[in-house]
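> My structure is in entry-v7.cif, and what it holds is mmCIF, C-alpha atoms and all ligand atoms:
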data_upload
#
loop_
_atom_site.group_PDB
_atom_site.id
_atom_site.type_symbol
_atom_site.label_atom_id
_atom_site.label_comp_id
_atom_site.auth_asym_id
_atom_site.auth_seq_id
_atom_site.Cartn_x
_atom_site.Cartn_y
_atom_site.Cartn_z
ATOM 1 C CA MET A 166 70.491 158.584 106.086
ATOM 2 C CA ASN A 167 73.199 160.559 107.778
ATOM 3 C CA THR A 168 74.761 157.321 108.943
ATOM 4 C CA THR A 169 75.063 155.957 105.399
ATOM 5 C CA LEU A 170 76.709 159.196 104.236
ATOM 6 C CA HIS A 171 79.139 159.401 107.166
ATOM 7 C CA GLN A 172 80.252 155.777 107.115
ATOM 8 C CA PRO A 173 82.595 156.089 104.058
ATOM 9 C CA ALA A 174 83.965 159.385 105.426
ATOM 10 C CA ARG A 175 84.833 157.753 108.755
ATOM 11 C CA LEU A 176 86.435 154.833 106.964
ATOM 12 C CA PHE A 177 88.410 157.263 104.817
ATOM 13 C CA SER A 178 89.702 159.272 107.799
ATOM 14 C CA ALA A 179 90.594 156.053 109.636
ATOM 15 C CA ALA A 180 92.512 154.878 106.588
ATOM 16 C CA CYS A 181 94.312 158.261 106.436
ATOM 17 C CA LEU A 182 95.269 157.943 110.128
ATOM 18 C CA VAL A 183 96.681 154.427 109.655
ATOM 19 C CA GLY A 184 98.445 155.534 106.453
ATOM 20 C CA GLY A 185 99.938 158.542 108.257
ATOM 21 C CA TRP A 186 101.293 156.360 111.050
ATOM 22 C CA LEU A 187 102.739 153.974 108.506
ATOM 23 C CA VAL A 188 104.578 156.865 106.829
ATOM 24 C CA VAL A 189 105.885 158.109 110.207
ATOM 25 C CA MET A 190 107.074 154.603 111.151
ATOM 26 C CA LEU A 191 108.748 154.148 107.759
ATOM 27 C CA LEU A 192 110.547 157.505 108.091
ATOM 28 C CA LEU A 193 111.703 156.664 111.626
ATOM 29 C CA GLY A 194 112.849 153.237 110.481
ATOM 30 C CA GLY A 195 114.746 154.815 107.613
ATOM 31 C CA LEU A 196 116.468 157.307 109.910
ATOM 32 C CA LEU A 197 117.454 154.581 112.400
ATOM 33 C CA GLY A 198 118.705 152.414 109.537
ATOM 34 C CA CYS A 199 120.831 155.284 108.247
ATOM 35 C CA SER A 200 122.348 155.989 111.652
ATOM 36 C CA GLN A 201 123.315 152.311 112.017
ATOM 37 C CA THR A 202 125.079 152.082 108.655
ATOM 38 C CA ALA A 203 126.594 155.622 108.605
ATOM 39 C CA VAL A 204 130.402 155.580 108.327
ATOM 40 C CA PRO A 205 131.992 157.426 111.282
ATOM 41 C CA PRO A 206 134.072 160.483 110.311
ATOM 42 C CA PRO A 207 137.784 159.677 109.918
ATOM 43 C CA ARG A 208 140.050 160.451 112.892
ATOM 44 C CA THR A 209 142.635 163.221 112.705
ATOM 45 C CA ARG A 210 145.955 162.592 110.962
ATOM 46 C CA ASP A 211 147.764 162.787 114.340
ATOM 47 C CA GLN A 212 145.538 160.067 115.792
ATOM 48 C CA ILE A 213 146.087 157.830 112.765
ATOM 49 C CA PHE A 214 149.891 158.360 112.833
ATOM 50 C CA ALA A 215 149.993 157.709 116.588
ATOM 51 C CA GLU A 216 148.210 154.379 116.139
ATOM 52 C CA ARG A 217 150.553 153.431 113.307
ATOM 53 C CA LEU A 218 153.632 154.152 115.457
ATOM 54 C CA ASN A 219 152.285 152.020 118.283
ATOM 55 C CA LEU A 220 151.166 148.979 116.263
ATOM 56 C CA PRO A 221 152.398 145.710 117.815
ATOM 57 C CA ALA A 222 155.930 144.886 116.651
ATOM 58 C CA LEU A 223 158.194 141.866 117.025
ATOM 59 C CA TYR A 224 161.338 142.230 119.119
ATOM 60 C CA LEU A 225 164.040 139.623 119.748
ATOM 61 C CA THR A 226 166.240 139.431 122.804
ATOM 62 C CA ALA A 227 169.927 140.019 122.020
ATOM 63 C CA LYS A 228 171.400 136.656 123.090
ATOM 64 C CA THR A 229 168.732 133.945 123.153
ATOM 65 C CA HIS A 230 166.512 135.530 120.446
ATOM 66 C CA LYS A 231 163.316 135.074 122.465
ATOM 67 C CA GLN A 232 160.385 136.687 120.624
ATOM 68 C CA VAL A 233 158.646 139.557 122.445
ATOM 69 C CA VAL A 234 155.700 141.570 121.048
ATOM 70 C CA ALA A 235 155.485 145.211 122.164
ATOM 71 C CA PRO A 236 154.399 148.575 120.675
ATOM 72 C CA GLY A 237 156.579 149.589 117.712
ATOM 73 C CA SER A 238 157.516 152.897 119.348
ATOM 74 C CA LYS A 239 158.976 151.265 122.450
ATOM 75 C CA GLY A 240 162.626 151.481 121.360
ATOM 76 C CA LEU A 241 165.199 149.411 123.220
ATOM 77 C CA PHE A 242 164.033 147.809 126.439
ATOM 78 C CA VAL A 243 164.961 144.969 128.751
ATOM 79 C CA ASP A 244 162.909 141.741 128.804
ATOM 80 C CA GLU A 245 162.533 141.111 132.526
ATOM 81 C CA ALA A 246 162.192 137.298 132.105
ATOM 82 C CA THR A 247 165.583 136.863 130.389
ATOM 83 C CA GLY A 248 167.304 140.079 131.528
ATOM 84 C CA GLU A 249 168.346 140.719 127.900
ATOM 85 C CA VAL A 250 168.008 143.837 125.740
ATOM 86 C CA CYS A 251 165.166 143.583 123.186
ATOM 87 C CA TRP A 252 165.802 144.793 119.609
ATOM 88 C CA ARG A 253 163.339 145.162 116.743
ATOM 89 C CA ALA A 254 163.287 141.993 114.617
ATOM 90 C CA LEU A 255 164.826 142.296 111.150
ATOM 91 C CA ALA A 256 164.075 139.936 108.248
ATOM 92 C CA CYS A 257 166.658 138.908 105.638
ATOM 93 C CA ARG A 258 164.981 138.382 102.270
ATOM 94 C CA ALA A 259 168.156 137.574 100.307
ATOM 95 C CA PRO A 260 167.246 134.746 97.861
ATOM 96 C CA ASN A 261 170.362 132.762 98.810
ATOM 97 C CA CYS A 262 170.229 133.451 102.569
ATOM 98 C CA PRO A 263 171.256 130.218 104.358
ATOM 99 C CA GLY A 264 168.958 131.128 107.268
ATOM 100 C CA ARG A 265 165.710 130.759 105.282
ATOM 101 C CA GLY A 266 163.185 128.317 106.778
ATOM 102 C CA ALA A 267 161.989 125.038 105.241
ATOM 103 C CA SER A 268 159.097 126.823 103.490
ATOM 104 C CA GLY A 269 161.317 129.708 102.387
ATOM 105 C CA GLU A 270 160.339 132.043 105.240
ATOM 106 C CA PRO A 271 162.895 134.828 105.801
ATOM 107 C CA TYR A 272 165.500 134.564 108.537
ATOM 108 C CA LEU A 273 164.700 136.767 111.544
ATOM 109 C CA PHE A 274 167.484 138.347 113.552
ATOM 110 C CA THR A 275 168.363 141.612 115.277
ATOM 111 C CA GLU A 276 171.069 144.167 115.327
ATOM 112 C CA ASN A 277 173.134 143.587 118.397
ATOM 113 C CA ASP A 278 175.175 146.633 119.289
ATOM 114 C CA LEU A 279 177.085 145.533 122.373
ATOM 115 C CA SER A 280 177.302 149.184 123.536
ATOM 116 C CA TYR A 281 173.772 148.722 124.839
ATOM 117 C CA PHE A 282 173.407 146.444 127.818
ATOM 118 C CA ALA A 283 170.840 145.491 130.480
ATOM 119 C CA LYS A 284 171.421 147.182 133.829
ATOM 120 C CA PRO A 285 170.508 145.424 137.115
ATOM 121 C CA ASP A 286 167.419 147.670 137.477
ATOM 122 C CA ASN A 287 166.157 146.411 134.053
ATOM 123 C CA SER A 288 166.862 149.686 132.281
ATOM 124 C CA VAL A 289 169.084 149.892 129.182
ATOM 125 C CA GLY A 290 172.626 151.127 129.742
ATOM 126 C CA PHE A 291 175.044 152.518 127.134
ATOM 127 C CA ASP A 292 178.818 152.127 127.189
ATOM 128 C CA PRO A 293 180.704 152.790 123.903
ATOM 129 C CA LYS A 294 183.767 150.863 125.212
ATOM 130 C CA ARG A 295 181.764 147.633 125.012
ATOM 131 C CA ALA A 296 181.440 148.065 121.210
ATOM 132 C CA LYS A 297 185.162 147.225 120.832
ATOM 133 C CA GLN A 298 184.257 143.574 121.448
ATOM 134 C CA GLN A 299 181.960 143.733 118.394
ATOM 135 C CA PRO A 300 183.113 141.419 115.552
ATOM 136 C CA LYS A 301 183.450 143.059 112.100
ATOM 137 C CA GLN A 302 180.591 142.111 109.756
ATOM 138 C CA VAL A 303 180.076 142.445 105.994
ATOM 139 C CA ASP A 304 176.323 142.168 106.133
ATOM 140 C CA LEU A 305 173.709 142.797 108.796
ATOM 141 C CA CYS A 306 172.347 139.244 108.458
ATOM 142 C CA PRO A 307 174.515 136.835 110.515
ATOM 143 C CA LYS A 308 173.555 133.865 108.307
ATOM 144 C CA CYS A 309 174.550 135.648 105.080
ATOM 145 C CA ASN A 310 177.805 136.625 106.775
ATOM 146 C CA GLU A 311 178.662 132.932 106.963
ATOM 147 C CA ILE A 312 178.809 132.718 103.137
ATOM 148 C CA LEU A 313 180.264 136.172 102.427
ATOM 149 C CA ASP A 314 183.986 136.769 102.304
ATOM 150 C CA PRO A 315 184.936 140.270 103.501
ATOM 151 C CA ALA A 316 188.161 140.021 101.429
ATOM 152 C CA THR A 317 186.362 139.664 98.089
ATOM 153 C CA GLU A 318 183.126 141.565 98.803
ATOM 154 C CA THR A 319 182.936 144.836 96.846
ATOM 155 C CA PRO A 320 181.184 147.925 98.319
ATOM 156 C CA THR A 321 178.438 147.580 95.640
ATOM 157 C CA GLN A 322 177.768 143.981 96.682
ATOM 158 C CA GLY A 323 177.645 145.153 100.305
ATOM 159 C CA VAL A 324 174.951 147.731 99.420
ATOM 160 C CA GLN A 325 172.962 145.081 97.513
ATOM 161 C CA HIS A 326 173.034 142.783 100.529
ATOM 162 C CA SER A 327 171.905 145.519 102.926
ATOM 163 C CA GLN A 328 168.814 146.095 100.748
ATOM 164 C CA TRP A 329 167.594 142.561 101.449
ATOM 165 C CA VAL A 330 167.345 143.346 105.156
ATOM 166 C CA GLN A 331 164.162 145.072 106.320
ATOM 167 C CA ALA A 332 162.286 145.503 109.595
ATOM 168 C CA TYR A 333 159.981 142.523 110.122
ATOM 169 C CA VAL A 334 156.281 143.472 110.276
ATOM 170 C CA LEU A 335 153.805 141.193 112.068
ATOM 171 C CA PRO A 336 151.002 140.022 109.699
ATOM 172 C CA GLU A 337 148.271 141.541 111.940
ATOM 173 C CA SER A 338 150.114 144.892 112.045
ATOM 174 C CA LEU A 339 150.519 144.821 108.253
ATOM 175 C CA ALA A 340 146.738 144.312 107.854
ATOM 176 C CA ARG A 341 145.953 147.065 110.379
ATOM 177 C CA SER A 342 148.444 149.375 108.656
ATOM 178 C CA GLN A 343 146.594 148.895 105.353
ATOM 179 C CA SER A 344 143.258 149.856 106.960
ATOM 180 C CA LEU A 345 144.994 152.914 108.509
ATOM 181 C CA ASP A 346 146.165 153.884 104.984
ATOM 182 C CA ALA A 347 142.517 153.757 103.853
ATOM 183 C CA GLU A 348 141.451 155.853 106.870
ATOM 184 C CA LEU A 349 144.171 158.396 106.104
ATOM 185 C CA ARG A 350 142.974 158.695 102.496
ATOM 186 C CA ARG A 351 139.421 159.311 103.800
ATOM 187 C CA ARG A 352 140.828 161.976 106.165
ATOM 188 C CA VAL A 353 142.625 163.739 103.277
ATOM 189 C CA THR A 354 139.334 163.806 101.297
ATOM 190 C CA PHE A 355 137.441 164.975 104.424
ATOM 191 C CA ASP A 356 139.959 167.801 104.992
ATOM 192 C CA ARG A 357 139.709 168.894 101.332
ATOM 193 C CA GLN A 358 135.911 168.948 101.543
ATOM 194 C CA HIS A 359 135.972 171.051 104.732
ATOM 195 C CA GLN A 360 138.821 173.338 103.682
ATOM 196 C CA MET A 361 136.486 175.641 101.727
ATOM 197 C CA GLN A 362 134.225 176.008 104.773
ATOM 198 C CA THR A 363 136.988 177.134 107.142
ATOM 199 C CA THR A 364 137.483 180.875 107.590
ATOM 200 C CA PRO A 365 141.075 182.079 107.248
ATOM 201 C CA VAL A 366 142.618 183.194 110.536
ATOM 202 C CA LYS A 367 143.209 186.939 110.614
ATOM 203 C CA GLY A 368 146.704 188.095 111.517
ATOM 204 C CA PRO A 369 147.425 190.857 114.058
ATOM 205 C CA PRO A 370 146.510 194.405 112.918
ATOM 206 C CA GLU A 371 149.395 196.192 111.201
HETATM 207 ZN ZN ZN B 1 170.517 136.451 105.229
#
Hey, can you dump this file as structure tokens for me?
Ligand SMILES: [Zn+2]


Amino acid sequence: MNTTLHQPARLFSAACLVGGWLVVMLLLGGLLGCSQTAVPPPRTRDQIFAERLNLPALYLTAKTHKQVVAPGSKGLFVDEATGEVCWRALACRAPNCPGRGASGEPYLFTENDLSYFAKPDNSVGFDPKRAKQQPKQVDLCPKCNEILDPATETPTQGVQHSQWVQAYVLPESLARSQSLDAELRRRVTFDRQHQMQTTPVKGPPE
């Protein structure tokens, strides 16, 4: 008689035990799932700016215009293979630029200040006397210079032309830069949210 009474109770407690484990497993699964999809906190503004400064950039050697990719913050440097000074690539986006490619791609060129030169130890030297050999130019773009006449060019036209010339940005660096913009916006929001929690620093006693 006791057996018939206890049987449903045992079944019930067994069901509770299985149900309890199921709940525990579901909670654990949920926590693990959350930790896998959680967005990491944004990096500091300094870290984001540092990455932006060092994104890969296109440089061209001064004479043969060989393309070299190096961090954007590198400044002037000597390409050891050619022994030439590397300058950041500039793009001319003037609609009538004669240097545009067959598909309309902008002409890439560099500034070439002759004051800067490659030294035998592959460092960059500077000698202002060398700049005297520099030919006078109306525009930064050498191809546009071929169709511009310095005698008839007005200062306003000169300014208009200079606005067509911009630093060339590699497509992959442009994409990365856009994701850094998004990260920076998240950082600004993060800082605002945590600003209220920070205690103001006390000054020295007066
Ligand atoms: Zn041009």

> Taking all atoms listed in the file into account, produce a table as JSON lines in which each residue of chain A with an atom at most 12 Å from an atom of ligand ZN 1 (chain B) appears once, together with its shortest atom pair and the distance in Å to one decimal, ordered by chain and rising number.


{"residue": "A:Leu255", "atom": "CA", "partner": "B:ZN1", "partner_atom": "ZN", "distance": 10.1}
{"residue": "A:Ala256", "atom": "CA", "partner": "B:ZN1", "partner_atom": "ZN", "distance": 7.9}
{"residue": "A:Cys257", "atom": "CA", "partner": "B:ZN1", "partner_atom": "ZN", "distance": 4.6}
{"residue": "A:Arg258", "atom": "CA", "partner": "B:ZN1", "partner_atom": "ZN", "distance": 6.6}
{"residue": "A:Ala259", "atom": "CA", "partner": "B:ZN1", "partner_atom": "ZN", "distance": 5.6}
{"residue": "A:Pro260", "atom": "CA", "partner": "B:ZN1", "partner_atom": "ZN", "distance": 8.2}
{"residue": "A:Asn261", "atom": "CA", "partner": "B:ZN1", "partner_atom": "ZN", "distance": 7.4}
{"residue": "A:Cys262", "atom": "CA", "partner": "B:ZN1", "partner_atom": "ZN", "distance": 4.0}
{"residue": "A:Pro263", "atom": "CA", "partner": "B:ZN1", "partner_atom": "ZN", "distance": 6.3}
{"residue": "A:Gly264", "atom": "CA", "partner": "B:ZN1", "partner_atom": "ZN", "distance": 5.9}
{"residue": "A:Arg265", "atom": "CA", "partner": "B:ZN1", "partner_atom": "ZN", "distance": 7.5}
{"residue": "A:Gly266", "atom": "CA", "partner": "B:ZN1", "partner_atom": "ZN", "distance": 11.1}
{"residue": "A:Gly269", "atom": "CA", "partner": "B:ZN1", "partner_atom": "ZN", "distance": 11.8}
{"residue": "A:Glu270", "atom": "CA", "partner": "B:ZN1", "partner_atom": "ZN", "distance": 11.1}
{"residue": "A:Pro271", "atom": "CA", "partner": "B:ZN1", "partner_atom": "ZN", "distance": 7.8}
{"residue": "A:Tyr272", "atom": "CA", "partner": "B:ZN1", "partner_atom": "ZN", "distance": 6.3}
{"residue": "A:Leu273", "atom": "CA", "partner": "B:ZN1", "partner_atom": "ZN", "distance": 8.6}
{"residue": "A:Phe274", "atom": "CA", "partner": "B:ZN1", "partner_atom": "ZN", "distance": 9.1}
{"residue": "A:Thr275", "atom": "CA", "partner": "B:ZN1", "partner_atom": "ZN", "distance": 11.5}
{"residue": "A:Val303", "atom": "CA", "partner": "B:ZN1", "partner_atom": "ZN", "distance": 11.3}
{"residue": "A:Asp304", "atom": "CA", "partner": "B:ZN1", "partner_atom": "ZN", "distance": 8.2}
{"residue": "A:Leu305", "atom": "CA", "partner": "B:ZN1", "partner_atom": "ZN", "distance": 7.9}
{"residue": "A:Cys306", "atom": "CA", "partner": "B:ZN1", "partner_atom": "ZN", "distance": 4.6}
{"residue": "A:Pro307", "atom": "CA", "partner": "B:ZN1", "partner_atom": "ZN", "distance": 6.6}
{"residue": "A:Lys308", "atom": "CA", "partner": "B:ZN1", "partner_atom": "ZN", "distance": 5.0}
{"residue": "A:Cys309", "atom": "CA", "partner": "B:ZN1", "partner_atom": "ZN", "distance": 4.1}
{"residue": "A:Asn310", "atom": "CA", "partner": "B:ZN1", "partner_atom": "ZN", "distance": 7.5}
{"residue": "A:Glu311", "atom": "CA", "partner": "B:ZN1", "partner_atom": "ZN", "distance": 9.0}
{"residue": "A:Ile312", "atom": "CA", "partner": "B:ZN1", "partner_atom": "ZN", "distance": 9.3}
{"residue": "A:Leu313", "atom": "CA", "partner": "B:ZN1", "partner_atom": "ZN", "distance": 10.1}
{"residue": "A:Gln325", "atom": "CA", "partner": "B:ZN1", "partner_atom": "ZN", "distance": 11.8}
{"residue": "A:His326", "atom": "CA", "partner": "B:ZN1", "partner_atom": "ZN", "distance": 8.3}
{"residue": "A:Ser327", "atom": "CA", "partner": "B:ZN1", "partner_atom": "ZN", "distance": 9.5}
{"residue": "A:Gln328", "atom": "CA", "partner": "B:ZN1", "partner_atom": "ZN", "distance": 10.8}
{"residue": "A:Trp329", "atom": "CA", "partner": "B:ZN1", "partner_atom": "ZN", "distance": 7.8}
{"residue": "A:Val330", "atom": "CA", "partner": "B:ZN1", "partner_atom": "ZN", "distance": 7.6}
{"residue": "A:Gln331", "atom": "CA", "partner": "B:ZN1", "partner_atom": "ZN", "distance": 10.8}

> Measuring atom to atom with all atoms listed in the file, identify which of A:Trp252, A:Phe291, A:Phe242, A:Phe214 is nearest to A:Tyr333.

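Counting all atoms listed in the file, the residue closest to A:Tyr333 is A:Trp252.
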
> Do a neighbour search on A:Arg352 at 9 Å with all atoms listed in the file, toss out local chain neighbours closer than 2 positions, and write the hits as a list of chain:residue names.

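The neighbour list is A:Pro206, A:Pro207, A:Arg208, A:Thr209, A:Arg210, A:Ala347, A:Glu348, A:Leu349, A:Arg350, A:Thr354, A:Phe355, A:Asp356, A:Arg357.
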
> Let's have the selection written as a PDB file, in the coordinates of the input, with C-alpha atoms.


ATOM      1  CA  PRO A 206     134.072 160.483 110.311  1.00  0.00           C
ATOM      2  CA  PRO A 207     137.784 159.677 109.918  1.00  0.00           C
ATOM      3  CA  ARG A 208     140.050 160.451 112.892  1.00  0.00           C
ATOM      4  CA  THR A 209     142.635 163.221 112.705  1.00  0.00           C
ATOM      5  CA  ARG A 210     145.955 162.592 110.962  1.00  0.00           C
ATOM      6  CA  ALA A 347     142.517 153.757 103.853  1.00  0.00           C
ATOM      7  CA  GLU A 348     141.451 155.853 106.870  1.00  0.00           C
ATOM      8  CA  LEU A 349     144.171 158.396 106.104  1.00  0.00           C
ATOM      9  CA  ARG A 350     142.974 158.695 102.496  1.00  0.00           C
ATOM     10  CA  THR A 354     139.334 163.806 101.297  1.00  0.00           C
ATOM     11  CA  PHE A 355     137.441 164.975 104.424  1.00  0.00           C
ATOM     12  CA  ASP A 356     139.959 167.801 104.992  1.00  0.00           C
ATOM     13  CA  ARG A 357     139.709 168.894 101.332  1.00  0.00           C
TER      14      ARG A 357
END

> Just how far from atom CA of A:Asn219 is atom CA of A:Val234, in Å to one decimal?

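Calculated distance between atom CA of A:Val234 and atom CA of A:Asn219 is 11.3 Å.
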
> Under the rule that all atoms listed in the file are counted, which of A:Ser238, A:Thr319, A:Gln360, A:Gln298 is the nearest residue to A:Ser280?

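Ranking A:Ser238, A:Thr319, A:Gln360, A:Gln298 by distance to A:Ser280, first place goes to A:Gln298.
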
> Can you spell out as a ChimeraX atom specification the set of residues that the PyMOL selection byres (((chain A and resi 230) around 10) and not hetatm) selects in the structure I just provided?

/A:224-229,231-233,249-252,254,273-275

> Mind checking which residues fall within 10 Å of A:Val334, counting only C-alpha atoms, ignoring those fewer than 2 positions away in the same chain, and posting them as a ChimeraX atom specification?

/A:220-223,237,253-256,331-332,336-340,342

> Go ahead and compute the interatomic distance for atom CA of A:Arg341 and atom CA of A:Glu216, in Å to one decimal.

9.6 Å

> In Å to one decimal, how far is atom CA of A:Asn277 from atom CA of A:Arg217?

25.2 Å

> Could you pull out every residue with an atom within 10 Å of (173.2, 146.9, 128.2), file coordinates, counting all atoms listed in the file, and send them as number ranges by chain?

A: 227, 241-243, 248-250, 278-285, 287-292, 295

> Please, what is the axis-aligned box for every listed atom of stretch 239-255 of chain A with 4 Å on each side, as centre and edge lengths in Å to one decimal, as AutoDock Vina command-line options?


--center_x 163.7 --center_y 144.2 --center_z 121.8 --size_x 17.4 --size_y 22.6 --size_z 29.4

> Using only C-alpha atoms, which of A:Lys297, A:Glu318, A:Gly240, A:Leu345 sits nearest A:Ala215?

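Once distances to A:Ala215 are computed over only C-alpha atoms, the minimum belongs to A:Leu345.
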